[in-house]
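start.txt follows; it contains compact mmCIF, C-alpha atoms (C1' of nucleotides) and all ligand atoms.
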```txt
# COMPACT_ATOMS: atom_id res chain seq x y z
CA MET A 1 82.75 98.26 108.48
CA THR A 2 84.57 95.56 110.38
CA ALA A 3 81.94 94.60 112.89
CA SER A 4 79.18 97.12 112.44
CA LYS A 5 76.66 97.18 109.63
CA LYS A 6 77.26 100.15 107.41
CA ARG A 7 74.49 102.69 107.60
CA GLN A 8 73.08 103.18 104.14
CA ASN A 9 71.68 106.46 103.05
CA ARG A 10 68.10 106.53 101.87
CA HIS A 11 68.84 106.16 98.19
CA SER A 12 71.11 103.20 98.81
CA ARG A 13 68.33 101.56 100.76
CA THR A 14 65.88 102.06 97.92
CA ARG A 15 68.36 100.47 95.52
CA SER A 16 68.81 97.43 97.73
CA ASP A 17 65.02 97.13 98.12
CA HIS A 18 64.78 96.88 94.37
CA ALA A 19 67.40 94.17 94.22
CA THR A 20 65.20 91.81 96.25
CA GLU A 21 61.88 92.96 94.90
CA LEU A 22 61.48 90.52 92.03
CA ALA A 23 62.53 87.63 94.23
CA GLU A 24 59.85 88.55 96.76
CA ASP A 25 57.11 88.83 94.17
CA TYR A 26 58.09 85.60 92.44
CA VAL A 27 58.25 83.40 95.53
CA GLU A 28 54.97 84.90 96.70
CA ALA A 29 53.36 84.09 93.35
CA ILE A 30 54.85 80.60 93.33
CA ALA A 31 53.59 79.87 96.83
CA ASP A 32 50.10 81.15 95.94
CA CYS A 33 50.06 79.08 92.79
CA ILE A 34 51.12 75.89 94.53
CA GLU A 35 48.45 76.40 97.14
CA SER A 36 45.65 77.08 94.73
CA ARG A 37 46.56 74.74 91.83
CA GLY A 38 48.70 72.16 93.56
CA SER A 39 51.78 73.04 91.54
CA CYS A 40 53.37 75.95 89.74
CA ARG A 41 54.85 76.04 86.26
CA ALA A 42 56.69 78.79 84.46
CA VAL A 43 53.66 79.44 82.30
CA ASP A 44 51.62 80.38 85.37
CA LEU A 45 54.14 83.08 86.19
CA VAL A 46 54.04 84.33 82.62
CA LYS A 47 50.34 85.07 83.12
CA GLN A 48 50.88 86.66 86.54
CA PHE A 49 53.70 88.97 85.56
CA GLN A 50 52.88 89.59 81.92
CA VAL A 51 56.39 89.12 80.72
CA SER A 52 57.71 86.66 78.17
CA HIS A 53 58.32 83.04 79.12
CA VAL A 54 62.01 83.61 78.50
CA THR A 55 62.14 86.38 81.05
CA VAL A 56 60.38 84.13 83.56
CA ASN A 57 62.86 81.38 82.84
CA ARG A 58 65.88 83.57 83.38
CA THR A 59 64.43 85.04 86.55
CA ILE A 60 63.79 81.56 87.89
CA GLY A 61 67.41 80.78 87.11
CA ARG A 62 68.53 83.63 89.36
CA LEU A 63 66.12 82.53 92.09
CA GLN A 64 67.60 79.05 91.92
CA ARG A 65 71.12 80.43 91.99
CA ASP A 66 70.17 82.44 95.08
CA GLY A 67 68.67 79.43 96.82
CA PHE A 68 64.96 80.26 96.77
CA VAL A 69 63.74 77.79 94.17
CA VAL A 70 64.72 74.37 92.87
CA THR A 71 63.80 73.13 89.42
CA GLU A 72 64.46 70.15 87.22
CA PRO A 73 64.10 70.51 83.47
CA TYR A 74 60.48 70.59 82.32
CA ALA A 75 59.24 70.03 85.86
CA PRO A 76 57.10 72.22 88.12
CA LEU A 77 58.81 74.71 90.40
CA GLN A 78 59.51 74.03 94.03
CA LEU A 79 60.36 76.46 96.79
CA THR A 80 63.27 75.84 99.11
CA LYS A 81 63.04 76.43 102.85
CA ALA A 82 64.42 79.91 102.32
CA GLY A 83 62.01 80.48 99.45
CA THR A 84 59.03 79.43 101.52
CA LYS A 85 60.10 81.64 104.37
CA LEU A 86 60.59 84.63 102.09
CA ALA A 87 57.20 83.99 100.51
CA GLN A 88 55.48 83.98 103.88
CA ALA A 89 57.13 87.16 105.07
CA SER A 90 56.43 88.90 101.77
CA ARG A 91 52.81 87.83 101.71
CA ARG A 92 52.24 89.00 105.26
CA ARG A 93 53.80 92.39 104.59
CA HIS A 94 51.95 92.73 101.30
CA GLU A 95 48.63 91.94 102.93
CA ILE A 96 49.14 94.48 105.70
CA VAL A 97 50.06 97.21 103.22
CA TYR A 98 47.03 96.34 101.10
CA GLN A 99 44.61 96.38 104.03
CA PHE A 100 46.13 99.58 105.30
CA LEU A 101 45.50 101.33 101.99
CA ILE A 102 41.91 100.11 102.02
CA GLU A 103 41.56 101.42 105.56
CA ILE A 104 42.62 104.96 104.65
CA GLY A 105 40.04 105.00 101.92
CA VAL A 106 41.79 103.79 98.77
CA GLY A 107 39.67 101.71 96.39
CA GLU A 108 40.36 98.00 96.08
CA SER A 109 41.73 98.10 92.58
CA THR A 110 44.12 100.97 93.30
CA ALA A 111 45.11 99.44 96.62
CA ALA A 112 46.03 96.22 94.82
CA THR A 113 48.13 98.06 92.29
CA ASP A 114 49.89 100.49 94.62
CA SER A 115 50.58 97.95 97.35
CA GLU A 116 52.39 95.80 94.80
CA GLY A 117 55.11 98.42 94.55
CA ILE A 118 54.92 99.99 97.99
CA GLU A 119 55.32 96.76 99.95
CA HIS A 120 58.99 96.41 99.03
CA HIS A 121 59.91 99.73 100.60
CA VAL A 122 58.08 99.29 103.88
CA SER A 123 60.50 98.75 106.75
CA PRO A 124 59.57 96.79 109.86
CA GLU A 125 59.01 100.06 111.72
CA THR A 126 56.57 101.37 109.14
CA LEU A 127 54.86 98.00 108.91
CA ALA A 128 54.34 98.08 112.67
CA ALA A 129 52.81 101.54 112.41
CA MET A 130 50.41 100.31 109.75
CA GLN A 131 49.44 97.38 111.92
CA ARG A 132 48.73 99.62 114.89
CA PHE A 133 46.50 101.64 112.64
CA LEU A 134 44.61 98.58 111.46
CA LYS A 135 44.14 97.37 115.01
CA LYS A 136 42.55 100.60 116.10
CA GLY A 137 40.13 100.55 113.23
CA SER A 138 39.43 103.53 111.05
CA GLY A 139 35.91 104.01 112.35
CA VAL A 140 37.22 106.68 114.64
CA PHE A 141 38.23 108.65 111.63
CA TYR A 142 35.75 108.35 108.88
CA MET B 1 45.46 99.31 71.47
CA THR B 2 44.47 101.65 68.68
CA ALA B 3 42.51 104.23 70.58
CA SER B 4 42.24 102.94 74.12
CA LYS B 5 45.04 102.89 76.64
CA LYS B 6 45.87 99.33 77.52
CA ARG B 7 45.07 98.49 81.11
CA GLN B 8 48.23 97.37 82.82
CA ASN B 9 48.15 94.72 85.45
CA ARG B 10 49.66 95.56 88.79
CA HIS B 11 53.10 94.17 88.09
CA SER B 12 53.32 96.07 84.83
CA ARG B 13 52.48 99.25 86.71
CA THR B 14 55.23 98.61 89.24
CA ARG B 15 57.70 98.11 86.39
CA SER B 16 56.74 101.37 84.74
CA ASP B 17 56.97 103.16 88.11
CA HIS B 18 60.55 102.01 88.33
CA ALA B 19 61.37 103.27 84.86
CA THR B 20 60.65 106.85 85.90
CA GLU B 21 61.90 106.59 89.45
CA LEU B 22 65.50 107.69 88.93
CA ALA B 23 64.40 110.61 86.79
CA GLU B 24 62.08 111.79 89.54
CA ASP B 25 64.72 111.53 92.24
CA TYR B 26 67.36 113.25 90.13
CA VAL B 27 65.30 116.24 89.07
CA GLU B 28 64.09 116.64 92.64
CA ALA B 29 67.67 116.62 93.89
CA ILE B 30 68.79 119.01 91.17
CA ALA B 31 65.98 121.44 91.96
CA ASP B 32 66.76 121.30 95.69
CA CYS B 33 70.43 121.85 95.03
CA ILE B 34 69.86 124.82 92.77
CA GLU B 35 67.59 126.40 95.36
CA SER B 36 69.93 125.90 98.27
CA ARG B 37 73.33 126.45 96.61
CA GLY B 38 72.44 128.51 93.59
CA SER B 39 73.57 125.84 91.15
CA CYS B 40 73.95 122.11 90.87
CA ARG B 41 76.95 120.15 89.65
CA ALA B 42 77.38 116.44 89.05
CA VAL B 43 79.51 116.15 92.16
CA ASP B 44 76.58 117.27 94.31
CA LEU B 45 74.53 114.38 92.99
CA VAL B 46 77.40 111.99 93.65
CA LYS B 47 77.13 112.89 97.33
CA GLN B 48 73.32 112.68 97.36
CA PHE B 49 73.02 109.32 95.68
CA GLN B 50 76.25 107.69 96.78
CA VAL B 51 77.10 106.35 93.37
CA SER B 52 80.18 106.96 91.27
CA HIS B 53 80.53 110.13 89.25
CA VAL B 54 80.43 108.03 86.11
CA THR B 55 77.03 106.66 87.02
CA VAL B 56 75.79 110.18 87.69
CA ASN B 57 77.15 111.31 84.38
CA ARG B 58 75.47 108.55 82.42
CA THR B 59 72.19 109.09 84.25
CA ILE B 60 72.33 112.78 83.44
CA GLY B 61 72.88 111.79 79.83
CA ARG B 62 69.63 109.86 79.84
CA LEU B 63 67.82 112.73 81.56
CA GLN B 64 69.08 115.05 78.85
CA ARG B 65 68.06 112.63 76.13
CA ASP B 66 64.58 112.50 77.70
CA GLY B 67 64.30 116.27 77.89
CA PHE B 68 64.51 116.91 81.64
CA VAL B 69 67.92 118.58 81.89
CA VAL B 70 70.32 120.47 79.68
CA THR B 71 74.07 120.49 80.15
CA GLU B 72 77.13 121.88 78.50
CA PRO B 73 80.51 120.29 79.13
CA TYR B 74 81.96 121.15 82.53
CA ALA B 75 79.03 123.42 83.31
CA PRO B 76 76.39 123.23 86.04
CA LEU B 77 73.16 121.39 85.34
CA GLN B 78 69.98 123.13 84.32
CA LEU B 79 66.44 121.84 84.40
CA THR B 80 64.17 122.17 81.39
CA LYS B 81 60.54 123.23 81.71
CA ALA B 82 59.58 119.57 81.80
CA GLY B 83 62.30 118.88 84.35
CA THR B 84 61.14 121.67 86.63
CA LYS B 85 57.58 120.50 86.41
CA LEU B 86 58.51 116.91 87.18
CA ALA B 87 60.63 118.09 90.10
CA GLN B 88 57.76 120.05 91.60
CA ALA B 89 55.27 117.20 91.27
CA SER B 90 57.77 114.72 92.70
CA ARG B 91 58.68 116.92 95.61
CA ARG B 92 55.07 117.53 96.50
CA ARG B 93 54.24 113.84 96.40
CA HIS B 94 57.38 112.95 98.33
CA GLU B 95 56.60 115.48 101.03
CA ILE B 96 53.04 114.23 101.48
CA VAL B 97 54.20 110.64 101.77
CA TYR B 98 56.87 111.65 104.28
CA GLN B 99 54.47 113.66 106.45
CA PHE B 100 51.93 110.90 106.26
CA LEU B 101 54.41 108.35 107.61
CA ILE B 102 55.29 110.72 110.44
CA GLU B 103 51.61 111.12 111.18
CA ILE B 104 51.00 107.41 111.59
CA GLY B 105 53.84 107.27 114.07
CA VAL B 106 56.94 106.40 112.08
CA GLY B 107 60.19 108.01 113.26
CA GLU B 108 61.75 110.76 111.19
CA SER B 109 64.75 108.79 110.06
CA THR B 110 62.74 105.77 108.97
CA ALA B 111 60.10 107.99 107.38
CA ALA B 112 62.82 109.68 105.33
CA THR B 113 64.20 106.34 104.16
CA ASP B 114 60.93 104.56 103.44
CA SER B 115 59.27 107.51 101.74
CA GLU B 116 62.16 107.65 99.30
CA GLY B 117 61.08 104.34 97.81
CA ILE B 118 57.35 104.43 98.52
CA GLU B 119 56.70 107.77 96.83
CA HIS B 120 57.19 106.36 93.35
CA HIS B 121 54.41 103.83 93.74
CA VAL B 122 51.79 106.16 95.18
CA SER B 123 49.03 106.84 92.66
CA PRO B 124 47.00 110.06 92.67
CA GLU B 125 44.17 108.24 94.40
CA THR B 126 46.37 107.02 97.24
CA LEU B 127 48.05 110.40 97.50
CA ALA B 128 44.63 112.01 97.91
CA ALA B 129 43.79 109.55 100.66
CA MET B 130 47.01 110.44 102.47
CA GLN B 131 46.22 114.12 102.17
CA ARG B 132 42.75 113.64 103.60
CA PHE B 133 44.35 111.90 106.51
CA LEU B 134 46.83 114.71 107.09
CA LYS B 135 44.06 117.31 106.94
CA LYS B 136 42.05 115.60 109.64
CA GLY B 137 45.03 115.42 111.94
CA SER B 138 45.99 112.30 113.79
CA GLY B 139 45.09 113.72 117.18
CA VAL B 140 41.83 111.89 116.94
CA PHE B 141 43.75 108.70 116.87
CA TYR B 142 46.67 108.85 119.15
C1' DG C 1 52.66 54.77 67.67
C1' DT C 2 52.44 59.13 65.17
C1' DT C 3 51.39 63.58 65.35
C1' DC C 4 50.55 67.93 67.31
C1' DA C 5 50.18 71.55 70.70
C1' DA C 6 51.80 73.28 74.80
C1' DG C 7 55.54 74.10 77.57
C1' DT C 8 60.41 74.75 78.06
C1' DT C 9 65.08 75.80 76.88
C1' DT C 10 68.81 78.11 74.31
C1' DA C 11 70.95 81.65 71.48
C1' DG C 12 71.47 86.17 70.81
C1' DC C 13 70.01 90.86 71.23
C1' DA C 14 68.86 95.61 73.84
C1' DC C 15 68.88 98.97 77.49
C1' DA C 16 69.34 100.68 82.43
C1' DG C 17 72.28 101.47 85.75
C1' DG C 18 76.18 99.95 88.46
C1' DC C 19 81.66 99.89 88.48
C1' DT C 20 87.21 100.99 87.77
C1' DA C 21 90.88 103.00 85.29
C1' DC C 22 92.52 106.60 82.77
C1' DA C 23 92.30 111.17 80.21
C1' DT C 24 91.02 115.83 80.13
C1' DT C 25 89.46 120.34 81.74
C1' DT C 26 88.77 123.77 85.07
C1' DT C 27 89.91 126.22 89.10
C1' DG C 28 92.44 127.58 93.07
C1' DT C 29 97.22 128.30 95.22
C1' DT C 30 101.67 129.75 95.21
C1' DA D 1 102.79 131.39 84.96
C1' DA D 2 103.16 126.84 87.05
C1' DC D 3 101.38 123.48 89.65
C1' DA D 4 98.05 120.84 92.23
C1' DA D 5 93.52 119.49 93.19
C1' DA D 6 88.91 119.00 91.94
C1' DA D 7 85.59 118.15 88.61
C1' DT D 8 84.26 116.13 84.48
C1' DG D 9 84.50 113.07 80.60
C1' DT D 10 85.66 108.46 78.03
C1' DA D 11 86.65 103.56 77.43
C1' DG D 12 85.39 99.36 78.65
C1' DC D 13 83.54 96.13 81.85
C1' DC D 14 79.49 93.80 84.61
C1' DT D 15 74.65 92.25 86.11
C1' DG D 16 69.64 92.46 85.90
C1' DT D 17 65.72 92.30 83.32
C1' DG D 18 63.29 92.85 79.21
C1' DC D 19 62.67 90.91 74.12
C1' DT D 20 62.27 87.58 69.52
C1' DA D 21 63.43 83.51 67.03
C1' DA D 22 64.35 78.86 66.86
C1' DA D 23 65.11 74.25 68.89
C1' DC D 24 63.73 70.80 71.88
C1' DT D 25 60.57 67.93 75.36
C1' DT D 26 56.48 66.27 76.86
C1' DG D 27 51.97 64.68 77.05
C1' DA D 28 47.40 64.23 74.78
C1' DA D 29 44.68 63.05 70.75
C1' DC D 30 44.07 60.39 67.29
MN MN E 1 53.92 91.05 96.67
MN MN E 2 55.37 93.55 94.80
MN MN E 3 62.59 108.49 95.70
MN MN E 4 60.17 100.52 94.01
```
Serialized structure, structure tokens:
Amino acid sequence: MTASKKRQNRHSRTRSDHATELAEDYVEAIADCIESRGSCRAVDLVKQFQVSHVTVNRTIGRLQRDGFVVTEPYAPLQLTKAGTKLAQASRRRHEIVYQFLIEIGVGESTAATDSEGIEHHVSPETLAAMQRFLKKGSGVFY
Amino acid sequence: MTASKKRQNRHSRTRSDHATELAEDYVEAIADCIESRGSCRAVDLVKQFQVSHVTVNRTIGRLQRDGFVVTEPYAPLQLTKAGTKLAQASRRRHEIVYQFLIEIGVGESTAATDSEGIEHHVSPETLAAMQRFLKKGSGVFY
DNA sequence: GTTCAAGTTTAGCACAGGCTACATTTTGTT
DNA sequence: AACAAAATGTAGCCTGTGCTAAACTTGAAC
């Protein structure tokens, strides 16, 4: 492990996916909220995630610690450069997974639900495969 | 919430998926191990999951509490009826997700890794869509 | 300018799921 | 039988992510 990245086994990878999952969903939600409402407050995330405002607050604290968000007391949330970048990448990946599910015949509501969890486990290689599929169009199939 | 099941939003669903995820992976691994080696011990799971034996032990404790495994001190693990059933359902779903990824052009190694996380977020509806896809064969496409 | 409601923060709790260090039991070797 | 090694168990720690209750800020209504 001096110079080369340690190869994780598949379960280790799943665990590390989960470690970044909440961060990805939060910055995505914050970015969406800022775009649609002009700003984002903790209470908006409470509605999105259906957890208590305390849980949102503590999660935001970790996001700030990790450099994705900046906050001042009682003020709206702001994304850092890193936060904005993560939000964009997450949104793009999420959207591709969602559209892909639609394309293979999953209903919109289920696609929305399932893609919310699936997205975090989709590697660049799998994402590329899904994109190829979308490009070709499913008309050939169904 | 007296008689009707509360409709979860998509983030709530993802959270509940995660609550059962470890149980699914463990019983699947235990079932595999029993089939291939005749019995399964904690140390086998240590190798599979790459966590400490203490973590395995505590996880097994929760599985026992929840009725999926039974253990006696220093003895191999056994699955309960419920554990065996969960293992079968998990394995089937996992296998479909894996084959599906292969079918859309993902390499075996990546498919193995990604399917390990994705499987837990695949609803029956999405699983059915993947199966339809596998039945048709991807020859039409590629 | 008080008052009140909404939003936010803090304190303190729980459980899941990681860990190391150390103790114990079982099993294999001599 | 004695010893060594492997497996298992226990004690005690940590972080993440959930909660309720209570205190505090802020901004709007009056
Ligand atoms: Mn997302
Ligand atoms: Mn998500
Ligand atoms: Mn899995
Ligand atoms: Mn997951």
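If you look at atom CA of Leu45 of chain B and atom CA of Gln88 of chain B, they are 17.8 Å away from each other.
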Do you know which residues are within 9 Å of ligand MN 3 (chain E) using only C-alpha atoms (C1' of nucleotides) and all ligand atoms? Can you write them as a ChimeraX atom specification? /A:10-11,14 /B:21-22,24-26,28,90,94,113-120
With C-alpha atoms kept, could you save the residues just selected as an mmCIF file, keeping the file's coordinate frame?
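What ended up in part18.cif:
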```cif
data_model
loop_
_atom_site.group_PDB
_atom_site.id
_atom_site.type_symbol
_atom_site.label_atom_id
_atom_site.label_comp_id
_atom_site.auth_asym_id
_atom_site.auth_seq_id
_atom_site.Cartn_x
_atom_site.Cartn_y
_atom_site.Cartn_z
ATOM 1 C CA ARG A 10 68.100 106.530 101.870
ATOM 2 C CA HIS A 11 68.840 106.160 98.190
ATOM 3 C CA THR A 14 65.880 102.060 97.920
ATOM 4 C CA GLU B 21 61.900 106.590 89.450
ATOM 5 C CA LEU B 22 65.500 107.690 88.930
ATOM 6 C CA GLU B 24 62.080 111.790 89.540
ATOM 7 C CA ASP B 25 64.720 111.530 92.240
ATOM 8 C CA TYR B 26 67.360 113.250 90.130
ATOM 9 C CA GLU B 28 64.090 116.640 92.640
ATOM 10 C CA SER B 90 57.770 114.720 92.700
ATOM 11 C CA HIS B 94 57.380 112.950 98.330
ATOM 12 C CA THR B 113 64.200 106.340 104.160
ATOM 13 C CA ASP B 114 60.930 104.560 103.440
ATOM 14 C CA SER B 115 59.270 107.510 101.740
ATOM 15 C CA GLU B 116 62.160 107.650 99.300
ATOM 16 C CA GLY B 117 61.080 104.340 97.810
ATOM 17 C CA ILE B 118 57.350 104.430 98.520
ATOM 18 C CA GLU B 119 56.700 107.770 96.830
ATOM 19 C CA HIS B 120 57.190 106.360 93.350
#
```
With 10 Å as the limit and counting all atoms listed in the file, what residues in chain D lie close to chain B? Please list them as a VMD selection string. chain D and resid 6 to 10
For Lys135 of chain B, list every protein, DNA or RNA residue within 12 Å, evaluated using only C-alpha atoms (C1' of nucleotides), and leave out those in the same chain fewer than 6 positions away; present the list as a PDB file with C-alpha atoms, in the coordinates of the input.
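File produced: part28.pdb:
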```
ATOM      1  CA  PHE A 141      38.230 108.650 111.630  1.00  0.00           C
TER       2      PHE A 141
ATOM      3  CA  ILE B  96      53.040 114.230 101.480  1.00  0.00           C
ATOM      4  CA  GLN B  99      54.470 113.660 106.450  1.00  0.00           C
ATOM      5  CA  PHE B 100      51.930 110.900 106.260  1.00  0.00           C
ATOM      6  CA  GLU B 103      51.610 111.120 111.180  1.00  0.00           C
ATOM      7  CA  ALA B 128      44.630 112.010  97.910  1.00  0.00           C
ATOM      8  CA  ALA B 129      43.790 109.550 100.660  1.00  0.00           C
TER       9      ALA B 129
END
```
Using only C-alpha atoms (C1' of nucleotides) for the distances, tell me which of C:DT20, C:DG7, C:DT26, C:DC15 is nearest to chain A.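 Among the listed residues, the smallest separation from chain A belongs to C:DG7.
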Please find the residues of chain C near chain B - the criterion being any atom within 12 Å, counting all atoms listed in the file - and write them as a PyMOL selection string. chain C and resi 15-21+24-27
Store the residues picked out above, limited to C-alpha atoms (C1' of nucleotides), as an mmCIF file, keeping the file's coordinate frame.
```
data_model
loop_
_atom_site.group_PDB
_atom_site.id
_atom_site.type_symbol
_atom_site.label_atom_id
_atom_site.label_comp_id
_atom_site.auth_asym_id
_atom_site.auth_seq_id
_atom_site.Cartn_x
_atom_site.Cartn_y
_atom_site.Cartn_z
ATOM 1 C "C1'" DC C 15 68.880 98.970 77.490
ATOM 2 C "C1'" DA C 16 69.340 100.680 82.430
ATOM 3 C "C1'" DG C 17 72.280 101.470 85.750
ATOM 4 C "C1'" DG C 18 76.180 99.950 88.460
ATOM 5 C "C1'" DC C 19 81.660 99.890 88.480
ATOM 6 C "C1'" DT C 20 87.210 100.990 87.770
ATOM 7 C "C1'" DA C 21 90.880 103.000 85.290
ATOM 8 C "C1'" DT C 24 91.020 115.830 80.130
ATOM 9 C "C1'" DT C 25 89.460 120.340 81.740
ATOM 10 C "C1'" DT C 26 88.770 123.770 85.070
ATOM 11 C "C1'" DT C 27 89.910 126.220 89.100
#
```
For segment 30-34 of chain B, list every protein, DNA or RNA residue within 8 Å, evaluated using all atoms listed in the file, and leave out those in the same chain fewer than 2 positions away; present the list as a VMD selection string. chain B and resid 26 to 28 36 to 40 44 to 45 77 79 84 87
